[in-house]
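Undergrad: I'm passing along coords-v4.cif; it holds mmCIF, C-alpha atoms.
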```
data_work
#
loop_
_atom_site.label_atom_id
_atom_site.label_comp_id
_atom_site.auth_asym_id
_atom_site.auth_seq_id
_atom_site.Cartn_x
_atom_site.Cartn_y
_atom_site.Cartn_z
CA MET A 1 64.35 -10.87 -34.29
CA ALA A 2 61.50 -13.21 -33.55
CA GLY A 3 57.94 -12.14 -32.84
CA GLY A 4 55.58 -9.73 -34.49
CA SER A 5 54.61 -6.23 -33.65
CA PRO A 6 52.95 -5.72 -30.22
CA SER A 7 49.16 -5.92 -30.15
CA ARG A 8 47.25 -2.72 -29.65
CA ALA A 9 43.94 -2.06 -27.92
CA PRO A 10 41.26 -1.05 -30.37
CA VAL A 11 41.10 2.69 -30.77
CA HIS A 12 37.66 4.30 -30.78
CA SER A 13 37.24 7.38 -32.80
CA GLU A 14 35.93 10.54 -31.12
CA PRO A 15 32.59 10.44 -33.02
CA GLN A 16 32.01 6.86 -31.77
CA GLU A 17 32.68 7.88 -28.17
CA ARG A 18 30.31 10.81 -28.49
CA ALA A 19 27.62 8.60 -30.00
CA GLY A 20 27.98 6.08 -27.16
CA LEU A 21 27.79 8.82 -24.55
CA ALA A 22 24.71 10.30 -26.20
CA ALA A 23 23.03 6.88 -26.23
CA GLU A 24 23.71 6.44 -22.52
CA VAL A 25 22.30 9.89 -21.80
CA ARG A 26 19.17 9.16 -23.84
CA LEU A 27 18.69 5.82 -22.05
CA SER A 28 19.11 7.45 -18.64
CA ALA A 29 16.67 10.21 -19.59
CA GLN A 30 14.12 7.64 -20.80
CA VAL A 31 14.36 5.69 -17.53
CA THR A 32 14.05 8.88 -15.47
CA TRP A 33 11.08 10.04 -17.54
CA ALA A 34 9.36 6.65 -17.23
CA ARG A 35 9.76 6.71 -13.45
CA ALA A 36 8.52 10.29 -13.24
CA ALA A 37 5.55 9.49 -15.47
CA ALA A 38 4.65 6.46 -13.35
CA ALA A 39 4.86 8.52 -10.17
CA TRP A 40 2.78 11.32 -11.68
CA SER A 41 0.23 8.86 -13.00
CA SER A 42 -0.12 7.23 -9.58
CA ARG A 43 -0.48 10.61 -7.88
CA ALA A 44 -2.91 11.81 -10.53
CA GLY A 45 -4.98 8.66 -10.05
CA ARG A 46 -5.17 9.21 -6.31
CA MET A 47 -6.13 12.84 -6.77
CA ALA A 48 -8.82 11.87 -9.28
CA LEU A 49 -10.27 9.33 -6.83
CA TRP A 50 -10.19 11.96 -4.06
CA ARG A 51 -12.06 14.45 -6.27
CA VAL A 52 -14.69 11.81 -7.07
CA TYR A 53 -15.07 11.10 -3.36
CA GLN A 54 -15.41 14.83 -2.59
CA ARG A 55 -18.13 15.26 -5.21
CA ALA A 56 -20.02 12.20 -3.97
CA LEU A 57 -19.70 13.39 -0.37
CA ALA A 58 -21.01 16.83 -1.28
CA ALA A 59 -23.96 15.36 -3.21
CA HIS A 60 -24.85 12.51 -0.81
CA PRO A 61 -23.10 13.14 2.53
CA TRP A 62 -24.97 10.60 4.66
CA LYS A 63 -24.92 7.81 2.10
CA VAL A 64 -21.20 8.21 1.45
CA GLN A 65 -20.36 8.39 5.16
CA ILE A 66 -22.40 5.26 5.85
CA LEU A 67 -20.72 3.33 3.02
CA THR A 68 -17.29 4.59 4.11
CA ALA A 69 -17.83 3.53 7.72
CA GLY A 70 -19.17 0.11 6.71
CA SER A 71 -16.34 -0.56 4.27
CA LEU A 72 -13.63 0.41 6.74
CA MET A 73 -15.20 -1.56 9.58
CA GLY A 74 -15.18 -4.58 7.28
CA LEU A 75 -11.56 -3.91 6.34
CA GLY A 76 -10.66 -3.71 10.01
CA ASP A 77 -12.19 -7.14 10.61
CA VAL A 78 -10.32 -8.61 7.64
CA ILE A 79 -7.06 -7.26 9.07
CA SER A 80 -7.98 -8.68 12.46
CA GLN A 81 -8.72 -12.14 11.13
CA GLN A 82 -5.84 -12.37 8.66
CA LEU A 83 -2.98 -10.44 10.26
CA VAL A 84 -3.73 -10.58 13.98
CA GLU A 85 -5.48 -13.94 14.39
CA ARG A 86 -3.84 -15.45 11.27
CA ARG A 87 -6.85 -17.54 10.34
CA GLY A 88 -5.97 -17.84 6.68
CA LEU A 89 -8.41 -17.51 3.80
CA ARG A 90 -9.97 -20.95 4.31
CA GLU A 91 -10.77 -20.21 7.97
CA HIS A 92 -11.91 -16.63 7.38
CA GLN A 93 -15.32 -16.00 8.96
CA VAL A 94 -17.23 -14.16 6.26
CA ARG A 95 -20.32 -13.81 8.45
CA ARG A 96 -18.26 -12.01 11.08
CA THR A 97 -16.90 -9.56 8.49
CA LEU A 98 -20.41 -8.89 7.19
CA THR A 99 -21.55 -8.31 10.78
CA MET A 100 -18.86 -5.66 11.22
CA VAL A 101 -19.83 -4.05 7.91
CA SER A 102 -23.45 -3.87 9.03
CA LEU A 103 -22.36 -2.38 12.36
CA GLY A 104 -20.36 0.25 10.52
CA CYS A 105 -23.31 1.16 8.31
CA GLY A 106 -26.10 0.86 10.85
CA PHE A 107 -24.47 1.90 14.11
CA VAL A 108 -21.05 3.58 13.80
CA ALA A 109 -21.84 5.94 10.92
CA PRO A 110 -25.16 7.37 12.20
CA VAL A 111 -24.09 7.48 15.86
CA VAL A 112 -20.61 8.98 15.37
CA GLY A 113 -21.69 11.22 12.48
CA GLY A 114 -24.69 12.47 14.48
CA TRP A 115 -22.49 13.07 17.52
CA TYR A 116 -20.13 15.27 15.51
CA LYS A 117 -23.06 17.40 14.39
CA VAL A 118 -24.31 17.75 17.99
CA LEU A 119 -20.80 18.58 19.17
CA ASP A 120 -20.43 21.26 16.50
CA ARG A 121 -23.70 22.85 17.63
CA LEU A 122 -22.66 22.76 21.29
CA LEU A 123 -19.23 24.22 20.55
CA PRO A 124 -19.43 26.00 17.19
CA GLY A 125 -16.01 27.70 17.37
CA THR A 126 -12.93 26.64 15.41
CA THR A 127 -10.10 27.90 17.63
CA LYS A 128 -7.56 25.66 19.34
CA VAL A 129 -9.38 26.13 22.64
CA ASP A 130 -12.68 25.05 21.02
CA ALA A 131 -10.97 21.99 19.51
CA LEU A 132 -9.57 21.10 22.92
CA LYS A 133 -13.02 21.43 24.52
CA LYS A 134 -14.54 19.22 21.82
CA MET A 135 -11.85 16.59 22.29
CA LEU A 136 -12.34 16.53 26.06
CA LEU A 137 -16.11 16.23 25.71
CA ASP A 138 -15.74 13.57 23.01
CA GLN A 139 -13.24 11.46 24.92
CA GLY A 140 -14.64 12.10 28.39
CA GLY A 141 -18.31 11.61 27.57
CA PHE A 142 -18.93 10.05 24.19
CA ALA A 143 -16.12 7.46 23.93
CA PRO A 144 -17.02 5.59 27.16
CA CYS A 145 -20.70 5.47 26.15
CA PHE A 146 -19.88 4.39 22.60
CA LEU A 147 -17.70 1.48 23.75
CA GLY A 148 -20.31 0.52 26.35
CA CYS A 149 -22.85 0.14 23.54
CA PHE A 150 -20.61 -1.26 20.81
CA LEU A 151 -19.13 -4.23 22.67
CA PRO A 152 -22.43 -5.72 23.89
CA LEU A 153 -24.03 -5.05 20.51
CA VAL A 154 -21.39 -7.22 18.87
CA GLY A 155 -21.97 -9.85 21.54
CA THR A 156 -25.71 -9.81 20.87
CA LEU A 157 -25.16 -10.21 17.12
CA ASN A 158 -22.85 -13.12 17.88
CA GLY A 159 -25.61 -14.85 19.85
CA LEU A 160 -24.35 -14.30 23.41
CA SER A 161 -26.93 -14.47 26.16
CA ALA A 162 -27.55 -11.39 28.32
CA ARG A 163 -25.57 -12.94 31.17
CA ASP A 164 -22.57 -13.86 28.99
CA ASN A 165 -22.71 -10.47 27.30
CA TRP A 166 -22.58 -8.68 30.64
CA ALA A 167 -19.67 -10.84 31.81
CA LYS A 168 -17.77 -10.17 28.59
CA LEU A 169 -18.42 -6.43 28.86
CA GLN A 170 -17.04 -6.42 32.41
CA GLN A 171 -14.00 -8.34 31.19
CA ASP A 172 -13.22 -6.23 28.09
CA TYR A 173 -14.50 -2.72 28.77
CA SER A 174 -11.64 -1.33 30.87
CA ASP A 175 -8.92 -2.59 28.52
CA ALA A 176 -10.76 -1.23 25.47
CA LEU A 177 -11.27 2.19 27.06
CA ILE A 178 -7.63 2.47 28.17
CA THR A 179 -6.45 1.46 24.68
CA ASN A 180 -8.82 4.08 23.25
CA TYR A 181 -7.03 6.78 25.26
CA TYR A 182 -3.66 5.79 23.80
CA LEU A 183 -4.86 6.65 20.31
CA TRP A 184 -7.86 8.92 20.07
CA PRO A 185 -7.25 12.12 22.08
CA ALA A 186 -4.45 13.28 19.77
CA VAL A 187 -6.32 12.20 16.63
CA GLN A 188 -9.53 13.93 17.69
CA LEU A 189 -7.75 17.13 18.70
CA ALA A 190 -6.33 17.41 15.18
CA ASN A 191 -9.66 16.30 13.69
CA PHE A 192 -11.70 18.99 15.45
CA TYR A 193 -9.18 21.74 14.75
CA LEU A 194 -8.14 21.02 11.15
CA VAL A 195 -10.89 19.03 9.44
CA PRO A 196 -14.27 20.36 8.20
CA LEU A 197 -17.34 18.73 9.76
CA HIS A 198 -18.40 16.64 6.76
CA TYR A 199 -14.91 15.06 6.45
CA ARG A 200 -14.48 14.18 10.12
CA LEU A 201 -16.20 10.80 10.07
CA ALA A 202 -14.23 9.75 6.97
CA LEU A 203 -10.92 10.80 8.53
CA VAL A 204 -11.76 9.06 11.80
CA GLN A 205 -12.69 5.87 9.98
CA CYS A 206 -9.47 5.92 7.96
CA VAL A 207 -7.42 6.24 11.14
CA ALA A 208 -9.73 3.72 12.77
CA VAL A 209 -8.86 0.84 10.43
CA ILE A 210 -6.32 -0.34 13.00
CA TRP A 211 -8.68 0.56 15.85
CA ASN A 212 -11.45 -1.40 14.13
CA SER A 213 -9.09 -4.36 13.90
CA TYR A 214 -8.52 -4.14 17.63
CA LEU A 215 -12.24 -3.77 18.38
CA SER A 216 -13.11 -6.72 16.18
CA TRP A 217 -10.44 -8.86 17.83
CA LYS A 218 -11.53 -7.75 21.32
CA ALA A 219 -15.24 -8.19 20.65
CA HIS A 220 -14.78 -11.71 19.26
CA GLN A 221 -12.47 -13.06 21.94
CA LEU A 222 -14.51 -15.53 24.00
#
```
Would you mind writing the file's structure down as structure tokens?
TA:
Amino acid sequence: MAGGSPSRAPVHSEPQERAGLAAEVRLSAQVTWARAAAAWSSRAGRMALWRVYQRALAAHPWKVQILTAGSLMGLGDVISQQLVERRGLREHQVRRTLTMVSLGCGFVAPVVGGWYKVLDRLLPGTTKVDALKKMLLDQGGFAPCFLGCFLPLVGTLNGLSARDNWAKLQQDYSDALITNYYLWPAVQLANFYLVPLHYRLALVQCVAVIWNSYLSWKAHQL
């Protein structure tokens, strides 16, 4: 008869199969451990930064709140210029960003931070009803006044005349106030009920990065 014996598939011994399986398990475990370690390291880094911020806030509350407000106002303007207006890095107006940083440090932080202290003295309770009262007073009284000061202040820093500033305020104020009411009542209700006084400005400014972007865009539209 012609032809040789039929070919056979290579046979792996049981110890080889076990060794291969063990290697796969070790590799999978190493990958899982590396991912878990990276996640833990990232979380641990965030927690460490938060603890540093808490210590700095406890030691220098006003300084930290001023720097926080200024930094986040500047970030809001960067977002406005780059993501909303799409100016690009070459067309980015650095002076405008620095103006918003200075407004955050010199106007937003002391005015808003001081208002929260006054509000806490007027309504010292911490119940849900007290939080609701604070939110209504904040949004019904403070927010309209704040916007009425902020928008023309930006116009003045941008060199607008008193007449042009007044015309721009009449043009922008209603839209800005209505947009404010889409966002801030819910945020402030949670802020007044859940957040201690010395963290309120920081929380508001974190939420306000997008709001700052809107304000910067609105204030610089001619």
Undergrad: Could you check which of A:Ala109, A:Trp184, A:Gly114, A:Met135 is closest to Gln65 (chain A), using only C-alpha atoms?
TA: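 Going through A:Ala109, A:Trp184, A:Gly114, A:Met135 one by one, the smallest distance to Gln65 (chain A) is for A:Ala109.
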Undergrad: Could you write out as AutoDock Vina command-line options the box around region 109-117 of chain A (axis-aligned, all atoms listed in the file, 4 Å on each side), with centre and edge lengths in Å to one decimal?
TA:
```
--center_x -22.6 --center_y 11.7 --center_z 14.2 --size_x 13.0 --size_y 19.5 --size_z 14.6
```
Undergrad: Could you expand the PyMOL selection byres ((chain A and resi 138-146) around 8) into the explicit residues it covers here, written as a list in words?
TA: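 On the file shown, the PyMOL selection byres ((chain A and resi 138-146) around 8) covers Lys134, Met135, Leu136, Leu137, Leu147, Gly148, Cys149, Phe150, Leu177, Tyr181, Trp184 and Pro185 of chain A.
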Undergrad: Enter the distance from CA of Leu119 (chain A) to CA of Cys105 (chain A), in Å, rounded to one decimal.
TA: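 Going from CA of Leu119 (chain A) over to CA of Cys105 (chain A) covers 20.7 Å.
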Undergrad: Select, from A:Leu183, A:Leu215, A:Leu197, A:Val207, the residue with the minimum atom-to-atom distance to Trp115 (chain A), counting only C-alpha atoms.
TA: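 Comparing A:Leu183, A:Leu215, A:Leu197, A:Val207 against Trp115 (chain A), the winner is A:Leu197.
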Undergrad: Please compute the CA of Pro61 (chain A)-CA of Tyr199 (chain A) distance, one decimal, in Å.
TA: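 Distance reported for this atom pair: 9.3 Å.
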Undergrad: Taking only C-alpha atoms into account, which of A:Thr126, A:Ser71, A:Ser80, A:Ser174 comes nearest His220 (chain A)?
TA: A:Ser80
Undergrad: When you draw a straight line from CA of Gln171 (chain A) to CA of Gly155 (chain A), how long is it in Å?
TA: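 Distance between the two atoms: 12.6 Å.
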Undergrad: May I ask which of the residues A:Ser102, A:Trp217, A:Ala176, A:Lys63 is the closest one to Gln82 (chain A), counting only C-alpha atoms?
TA: A:Trp217
Undergrad: Please expand the PyMOL selection byres ((chain A and resi 104) around 9) into the concrete residues it hits in this file, giving the result as a list of chain:residue names.
TA: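 For this structure, the PyMOL selection byres ((chain A and resi 104) around 9) captures A:Ile66, A:Leu67, A:Thr68, A:Ala69, A:Gly70, A:Ser71, A:Leu72, A:Met73, A:Gly74, A:Thr99, A:Met100, A:Val101, A:Ser102, A:Leu103, A:Cys105, A:Gly106, A:Phe107, A:Val108, A:Ala109, A:Pro110.
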Undergrad: With 12 Å as the threshold, what does the neighbourhood of (-10.9, 20.2, 16.1) contain in terms of residues, counting only C-alpha atoms? Coordinates are those of the file; answer as number ranges by chain.
TA: A: 116, 119-120, 123-138, 185-197, 199-200, 204
